[in-house]
>>> print(open('my_file-v8.cif').read())   # mmCIF, C-alpha atoms
data_query
#
loop_
_atom_site.label_atom_id
_atom_site.label_comp_id
_atom_site.auth_asym_id
_atom_site.auth_seq_id
_atom_site.Cartn_x
_atom_site.Cartn_y
_atom_site.Cartn_z
CA MET A 12 13.93 -10.78 -5.63
CA ALA A 13 15.31 -8.12 -3.27
CA ASP A 14 15.90 -4.41 -3.37
CA GLN A 15 17.32 -1.88 -0.91
CA SER A 16 17.25 1.83 -0.17
CA VAL A 17 19.33 3.74 2.38
CA LEU A 18 17.85 7.11 3.36
CA PRO A 19 18.89 9.77 5.86
CA ALA A 20 16.56 9.85 8.87
CA THR A 21 14.73 13.13 8.21
CA VAL A 22 11.02 13.68 7.53
CA ASN A 23 11.91 14.93 4.05
CA VAL A 24 12.47 11.32 2.95
CA LEU A 25 8.92 10.14 3.70
CA GLY A 26 7.95 10.62 0.05
CA ASP A 27 10.93 8.46 -0.99
CA VAL A 28 9.84 5.79 1.50
CA ARG A 29 6.35 5.71 -0.01
CA GLN A 30 7.79 5.53 -3.53
CA PHE A 31 10.05 2.60 -2.57
CA ILE A 32 7.03 0.77 -1.19
CA LYS A 33 4.94 1.59 -4.24
CA ASP A 34 7.61 0.15 -6.53
CA ALA A 35 8.00 -3.00 -4.45
CA ALA A 36 4.24 -3.48 -4.21
CA SER A 37 3.90 -3.11 -7.96
CA GLN A 38 6.58 -5.77 -8.52
CA ALA A 39 4.75 -8.05 -6.11
CA GLY A 40 1.39 -7.54 -7.83
CA LEU A 41 -0.36 -6.03 -4.81
CA ASP A 42 -3.65 -4.20 -5.34
CA ARG A 43 -4.14 -0.49 -4.63
CA LYS A 44 -5.58 -0.99 -1.15
CA SER A 45 -2.77 -3.29 -0.01
CA THR A 46 -0.19 -0.93 -1.50
CA TYR A 47 -1.66 2.08 0.30
CA ASN A 48 -1.88 0.22 3.62
CA LEU A 49 1.75 -0.86 3.31
CA GLN A 50 2.81 2.70 2.42
CA LEU A 51 0.91 3.94 5.46
CA ALA A 52 2.49 1.34 7.72
CA LEU A 53 6.02 2.27 6.67
CA ASP A 54 5.27 5.99 6.76
CA GLU A 55 4.04 5.73 10.33
CA ILE A 56 6.90 3.63 11.67
CA VAL A 57 9.61 5.53 9.78
CA THR A 58 8.14 8.81 11.10
CA ASN A 59 8.39 7.48 14.65
CA VAL A 60 11.95 6.29 14.04
CA ILE A 61 12.96 9.72 12.73
CA LEU A 62 11.19 11.84 15.35
CA TYR A 63 11.64 9.68 18.44
CA GLY A 64 14.31 7.12 17.64
CA TYR A 65 16.75 9.70 16.37
CA GLU A 66 15.82 13.39 16.71
CA ALA A 67 14.30 13.41 20.20
CA SER A 68 17.23 11.30 21.37
CA GLY A 69 19.79 13.68 19.87
CA LEU A 70 20.94 11.10 17.36
CA THR A 71 21.36 11.13 13.59
CA GLY A 72 21.60 8.26 11.17
CA ASN A 73 19.93 6.43 8.33
CA VAL A 74 16.93 4.24 7.76
CA VAL A 75 17.49 1.18 5.59
CA LEU A 76 14.60 -0.28 3.65
CA LYS A 77 14.77 -3.71 2.10
CA SER A 78 12.14 -5.46 0.03
CA ASP A 79 12.01 -9.18 -0.62
CA ILE A 80 9.44 -10.84 -2.84
CA THR A 81 8.79 -14.51 -2.33
CA GLU A 82 6.23 -16.71 -3.99
CA LYS A 83 3.68 -15.96 -1.33
CA SER A 84 4.51 -12.57 0.10
CA LEU A 85 6.21 -9.20 -0.03
CA VAL A 86 8.41 -8.60 2.99
CA ILE A 87 9.64 -5.11 3.82
CA THR A 88 12.38 -4.75 6.42
CA LEU A 89 13.13 -1.42 8.05
CA GLU A 90 16.39 -1.07 9.98
CA ASP A 91 17.66 1.86 12.01
CA THR A 92 20.24 2.56 14.69
CA GLY A 93 18.11 4.90 16.81
CA ILE A 94 17.21 4.16 20.40
CA ALA A 95 15.64 0.78 21.08
CA TYR A 96 11.90 0.96 20.47
CA ASP A 97 9.36 -1.80 19.93
CA PRO A 98 6.20 -0.28 18.35
CA ARG A 99 4.15 -3.15 19.73
CA THR A 100 4.68 -1.84 23.25
CA ARG A 101 2.86 1.41 22.43
CA GLU A 102 -0.59 1.50 23.92
CA MET A 103 -3.00 1.57 21.01
CA PRO A 104 -6.57 2.82 21.07
CA ASP A 105 -9.17 0.16 21.86
CA GLU A 106 -12.79 -0.04 20.74
CA ASP A 107 -13.97 2.22 23.55
CA ASP A 108 -11.39 4.88 22.67
CA LEU A 109 -12.37 4.81 18.99
CA ALA A 110 -16.02 5.26 19.89
CA LYS A 111 -15.41 8.46 21.84
CA ASP A 112 -15.76 11.98 20.44
CA LEU A 113 -12.50 13.38 19.11
CA GLU A 114 -12.26 15.90 21.93
CA ASP A 115 -12.56 13.20 24.59
CA ARG A 116 -10.07 10.61 23.55
CA PRO A 117 -6.31 10.13 23.55
CA ILE A 118 -4.94 10.54 20.02
CA GLY A 119 -1.67 8.76 20.68
CA GLY A 120 -1.10 5.31 19.26
CA LEU A 121 -3.32 5.85 16.20
CA GLY A 122 -0.39 5.75 13.78
CA ILE A 123 0.91 2.45 15.09
CA TYR A 124 -2.65 1.10 15.22
CA LEU A 125 -3.15 1.89 11.51
CA ALA A 126 0.32 0.58 10.65
CA ILE A 127 0.05 -2.81 12.35
CA ASN A 128 -3.55 -3.39 11.28
CA GLY A 129 -2.74 -2.61 7.65
CA VAL A 130 -0.33 -5.48 7.05
CA ASP A 131 -0.70 -9.25 7.40
CA GLU A 132 2.24 -9.71 9.74
CA PHE A 133 4.38 -7.31 11.74
CA ASN A 134 7.46 -8.15 13.74
CA TYR A 135 10.09 -6.27 15.69
CA GLU A 136 13.48 -7.35 16.97
CA ARG A 137 16.52 -5.65 18.38
CA ALA A 138 19.86 -6.94 17.09
CA GLY A 139 22.91 -5.30 18.59
CA ASN A 140 22.37 -1.56 18.11
CA ARG A 141 19.76 -2.01 15.38
CA ASN A 142 15.97 -1.93 15.43
CA ILE A 143 14.55 -4.27 12.82
CA ASN A 144 10.87 -3.86 11.89
CA THR A 145 9.45 -6.40 9.45
CA PHE A 146 6.22 -5.93 7.50
CA THR A 147 4.71 -8.82 5.54
CA VAL A 148 1.88 -8.61 3.01
CA TYR A 149 0.58 -11.75 1.35
CA ARG A 150 0.58 -11.65 -2.43
CA PRO A 151 -2.62 -12.34 -4.35
CA ALA A 152 -3.09 -15.96 -5.44
CA GLY A 153 -1.09 -16.64 -8.57
CA GLY A 154 1.64 -14.13 -7.72
CA GLY A 155 0.98 -11.63 -10.47
CA ARG A 156 4.42 -10.03 -10.57
CA ARG A 157 4.37 -7.45 -13.32
CA GLY A 158 6.96 -7.39 -16.04
CA GLU A 159 7.78 -11.07 -15.85
CA VAL A 160 7.70 -13.13 -19.02
CA MET B 4 3.97 15.03 -4.12
CA ALA B 5 3.89 18.12 -1.89
CA LEU B 6 0.79 19.28 -0.03
CA THR B 7 -1.30 22.28 -0.99
CA SER B 8 -3.77 23.57 1.58
CA THR B 9 -5.99 26.43 0.40
CA LEU B 10 -8.53 28.37 2.45
CA THR B 11 -11.46 30.36 1.12
CA MET B 12 -14.24 31.97 3.14
CA ASP B 13 -17.70 31.74 1.64
CA ASN B 14 -20.55 33.38 3.56
CA GLY B 15 -19.13 32.41 6.92
CA VAL B 16 -18.21 28.91 5.78
CA ALA B 17 -14.49 28.11 5.91
CA LYS B 18 -13.59 25.89 2.94
CA ILE B 19 -10.18 24.22 2.81
CA THR B 20 -9.05 22.25 -0.23
CA LEU B 21 -6.24 19.76 0.28
CA ALA B 22 -4.21 18.24 -2.55
CA GLY B 23 -1.19 15.96 -2.65
CA GLU B 24 0.11 13.89 0.24
CA LEU B 25 -0.28 14.68 3.94
CA ASP B 26 2.46 13.26 6.15
CA ALA B 27 4.45 14.42 9.17
CA SER B 28 6.70 16.63 7.04
CA VAL B 29 3.82 18.84 5.85
CA ALA B 30 1.15 18.45 8.53
CA GLY B 31 2.22 21.79 10.02
CA LYS B 32 1.09 23.52 6.84
CA PHE B 33 -2.40 22.05 7.17
CA LYS B 34 -2.47 23.01 10.86
CA GLU B 35 -1.63 26.62 9.96
CA THR B 36 -4.53 26.69 7.52
CA ILE B 37 -6.86 25.38 10.23
CA GLU B 38 -5.64 28.15 12.54
CA GLN B 39 -6.30 30.75 9.83
CA ALA B 40 -9.78 29.33 9.34
CA ALA B 41 -10.50 29.38 13.08
CA GLY B 42 -9.41 33.02 13.16
CA GLN B 43 -12.27 33.82 10.77
CA ASN B 44 -14.80 32.50 13.30
CA PRO B 45 -16.64 30.35 10.76
CA LYS B 46 -20.07 28.84 11.26
CA ARG B 47 -18.95 25.67 9.47
CA LEU B 48 -15.66 24.06 8.35
CA VAL B 49 -15.61 22.10 5.08
CA LEU B 50 -12.54 20.12 4.03
CA PHE B 51 -12.40 19.06 0.38
CA MET B 52 -10.18 15.99 0.02
CA GLU B 53 -10.84 14.66 -3.49
CA SER B 54 -7.26 15.45 -4.50
CA LEU B 55 -5.61 14.15 -1.33
CA ASP B 56 -3.80 10.96 -2.33
CA PHE B 57 -2.33 10.02 1.06
CA MET B 58 -2.96 10.86 4.71
CA ALA B 59 -0.83 9.67 7.61
CA SER B 60 -1.81 9.83 11.27
CA ALA B 61 -0.16 13.27 11.37
CA GLY B 62 -3.12 14.40 9.28
CA LEU B 63 -5.57 12.75 11.65
CA ARG B 64 -3.96 14.66 14.51
CA VAL B 65 -4.57 17.94 12.68
CA LEU B 66 -8.23 16.96 12.27
CA VAL B 67 -8.43 16.40 16.02
CA PHE B 68 -6.79 19.80 16.48
CA ALA B 69 -9.41 21.31 14.16
CA LYS B 70 -12.22 19.83 16.21
CA GLN B 71 -10.71 21.23 19.39
CA LYS B 72 -9.86 24.63 17.87
CA MET B 73 -13.27 25.37 16.37
CA ARG B 74 -16.14 26.38 18.59
CA SER B 75 -18.08 23.34 19.72
CA ASP B 76 -21.11 24.36 17.63
CA VAL B 77 -19.10 24.46 14.37
CA PRO B 78 -19.72 21.27 12.37
CA ILE B 79 -16.86 19.83 10.33
CA TYR B 80 -17.51 18.26 6.92
CA ILE B 81 -14.96 16.12 5.08
CA ILE B 82 -15.80 15.78 1.41
CA GLY B 83 -14.83 13.37 -1.34
CA CYS B 84 -12.16 11.28 0.38
CA GLN B 85 -10.45 8.71 -1.78
CA PRO B 86 -11.25 5.18 -0.52
CA PRO B 87 -7.97 4.50 1.35
CA VAL B 88 -8.11 7.88 3.12
CA LEU B 89 -11.77 7.31 3.99
CA SER B 90 -10.84 3.91 5.35
CA SER B 91 -8.26 5.45 7.72
CA LEU B 92 -10.82 7.97 8.96
CA GLU B 93 -13.42 5.29 9.57
CA MET B 94 -10.97 2.89 11.23
CA SER B 95 -10.07 5.72 13.58
CA GLY B 96 -13.71 6.40 14.45
CA PHE B 97 -13.83 9.89 12.95
CA GLN B 98 -17.29 9.38 11.50
CA LYS B 99 -18.65 9.94 15.00
CA SER B 100 -17.32 13.48 15.17
CA VAL B 101 -17.28 14.82 11.61
CA TYR B 102 -19.60 14.51 8.61
CA LEU B 103 -18.06 12.30 5.91
CA GLN B 104 -19.74 12.97 2.57
CA ASP B 105 -19.14 12.35 -1.12
CA SER B 106 -20.18 15.87 -2.11
CA TYR B 107 -21.15 19.20 -0.58
CA THR B 108 -23.60 21.96 -1.40
CA ASP B 109 -24.14 25.18 0.50
CA GLU B 110 -27.57 25.37 2.02
#
>>> encode(input="my_file-v8.cif", output="structure tokens")
Amino acid sequence: MADQSVLPATVNVLGDVRQFIKDAASQAGLDRKSTYNLQLALDEIVTNVILYGYEASGLTGNVVLKSDITEKSLVITLEDTGIAYDPRTREMPDEDDLAKDLEDRPIGGLGIYLAINGVDEFNYERAGNRNINTFTVYRPAGGGRRGEV
Amino acid sequence: MALTSTLTMDNGVAKITLAGELDASVAGKFKETIEQAAGQNPKRLVLFMESLDFMASAGLRVLVFAKQKMRSDVPIYIIGCQPPVLSSLEMSGFQKSVYLQDSYTDE
């Protein structure tokens, strides 16, 4: 089962992004924690796409969200035509950084750290002029898709 | 859902109540409230988050800003976080710099 949403790349759509994820997660039978973590992951990466992939680069465009539910997982794909950017190349905080007082540590990379650590699999690829970020969350055993007879 | 960010001063304690969802589109509003609170020179900052349903890293950055903006002897309390929000704070190591509590009473 697949669904799609095309949204303009502005921060005003972040609520719509979270709602799309919530709906997909509900269809896939994910629990509240998994749903929240997936919403957070998409919120973080879409925010970066909007602010850095498009706006800071003087570009405009859309973000395209796709959801695909298989027997074992929910896969969310995020596509954009902003500048090429692989979130995995961002330096993320390590254990030492996270142990420091807030005043003493670099705050950058936290969003991507929370995003990637909140899903079961994360992948990035560049195809032509498109960034494609893929987020995979495993479904609970037995599927549990709501609304199915 | 939009964000509301409300400041009250209570005997030198700055109390901010957050409700709704805190993402990059509204983090500036929370930051402004922190700046207003700092302007009151409080002895303590208390953030009530029971009604905050979502917090992105933009919100975490405002908390870091709050820590840097307040005088170093002003403790920061974060009260009543919903479990996923609390999880983000703990994963980010915030428990080392702020007091995370289920409830708050003035001493």
>>> residues_around(input="my_file-v8.cif", residues="Asp97 in chain A", least_positions_apart="2", cutoff="9 Å", atoms="only C-alpha atoms", output="tab-separated table (two decimals) with C-alpha atoms, in the coordinates of the input")
chain	number	residue	atom	x	y	z
A	95	ALA	CA	15.64	0.78	21.08
A	99	ARG	CA	4.15	-3.15	19.73
A	100	THR	CA	4.68	-1.84	23.25
A	101	ARG	CA	2.86	1.41	22.43
A	135	TYR	CA	10.09	-6.27	15.69
A	136	GLU	CA	13.48	-7.35	16.97
A	137	ARG	CA	16.52	-5.65	18.38
A	142	ASN	CA	15.97	-1.93	15.43
A	144	ASN	CA	10.87	-3.86	11.89
>>> atom_distance(input="my_file-v8.cif", atom1="CA of Gly40 in chain A", atom2="CA of Ile87 in chain A")
14.5 Å
>>> resolve_selection(input="my_file-v8.cif", expression="the PyMOL selection byres ((chain B and resi 67) around 12)", output="count of residues only")
31
>>> residues_around(input="my_file-v8.cif", residues="Gly93 in chain A", least_positions_apart="3", cutoff="10 Å", atoms="all atoms listed in the file", output="PDB file with C-alpha atoms, in the coordinates of the input")
ATOM      1  CA  ALA A  20      16.560   9.850   8.870  1.00  0.00           C
ATOM      2  CA  VAL A  60      11.950   6.290  14.040  1.00  0.00           C
ATOM      3  CA  ILE A  61      12.960   9.720  12.730  1.00  0.00           C
ATOM      4  CA  LEU A  62      11.190  11.840  15.350  1.00  0.00           C
ATOM      5  CA  TYR A  63      11.640   9.680  18.440  1.00  0.00           C
ATOM      6  CA  GLY A  64      14.310   7.120  17.640  1.00  0.00           C
ATOM      7  CA  TYR A  65      16.750   9.700  16.370  1.00  0.00           C
ATOM      8  CA  GLU A  66      15.820  13.390  16.710  1.00  0.00           C
ATOM      9  CA  ALA A  67      14.300  13.410  20.200  1.00  0.00           C
ATOM     10  CA  SER A  68      17.230  11.300  21.370  1.00  0.00           C
ATOM     11  CA  GLY A  69      19.790  13.680  19.870  1.00  0.00           C
ATOM     12  CA  LEU A  70      20.940  11.100  17.360  1.00  0.00           C
ATOM     13  CA  THR A  71      21.360  11.130  13.590  1.00  0.00           C
ATOM     14  CA  GLY A  72      21.600   8.260  11.170  1.00  0.00           C
ATOM     15  CA  ASN A  73      19.930   6.430   8.330  1.00  0.00           C
ATOM     16  CA  VAL A  74      16.930   4.240   7.760  1.00  0.00           C
ATOM     17  CA  GLU A  90      16.390  -1.070   9.980  1.00  0.00           C
ATOM     18  CA  TYR A  96      11.900   0.960  20.470  1.00  0.00           C
ATOM     19  CA  ASN A 140      22.370  -1.560  18.110  1.00  0.00           C
ATOM     20  CA  ARG A 141      19.760  -2.010  15.380  1.00  0.00           C
ATOM     21  CA  ASN A 142      15.970  -1.930  15.430  1.00  0.00           C
TER      22      ASN A 142
END
>>> residues_near_point(input="my_file-v8.cif", point="(-4.7, -8.3, 6.2)", cutoff="10 Å", atoms="all atoms listed in the file", output="list in words")
Ser45, Asn48, Ile127, Asn128, Gly129, Val130, Asp131, Glu132, Thr147, Val148 and Tyr149 of chain A
>>> resolve_selection(input="my_file-v8.cif", expression="the PyMOL selection byres ((chain A) within 9 of (chain B))", output="number ranges by chain")
A: 21-26, 43-44, 47-48, 51-52, 54-55, 58, 104, 108-114, 118-119, 121-125
>>> residues_around(input="my_file-v8.cif", residues="Gln15 in chain A", least_positions_apart="4", cutoff="7 Å", atoms="all atoms listed in the file", output="list in words")
Leu76, Lys77 and Ser78 of chain A
>>> resolve_selection(input="my_file-v8.cif", expression="the PyMOL selection byres ((chain B and resi 51) around 6)", output="CSV table (one decimal) with C-alpha atoms, in the frame of the given file")
chain,number,residue,atom,x,y,z
B,20,THR,CA,-9.0,22.2,-0.2
B,50,LEU,CA,-12.5,20.1,4.0
B,52,MET,CA,-10.2,16.0,0.0
B,82,ILE,CA,-15.8,15.8,1.4
>>> atom_distance(input="my_file-v8.cif", atom1="CA of Glu38 in chain B", atom2="CA of Val16 in chain B")
14.3 Å
>>> atom_distance(input="my_file-v8.cif", atom1="CA of Pro78 in chain B", atom2="CA of Gly120 in chain A")
25.5 Å
>>> closest_residue(input="my_file-v8.cif", among="B:Thr7, B:Gln85, B:Ser106, B:Asn14", to="Lys32 in chain B", atoms="all atoms listed in the file")
B:Thr7
>>> closest_residue(input="my_file-v8.cif", among="B:Ile81, B:Ser8, B:Gln104, B:Val49", to="Glu35 in chain B", atoms="only C-alpha atoms")
B:Ser8
>>> closest_residue(input="my_file-v8.cif", among="B:Met12, B:Leu6, B:Leu55, B:Leu48", to="Ala30 in chain B", atoms="all atoms listed in the file")
B:Leu6
>>> closest_residue(input="my_file-v8.cif", among="A:Leu85, A:Ala126, A:Ile56, A:Leu18", to="Ala35 in chain A", atoms="only C-alpha atoms")
A:Leu85
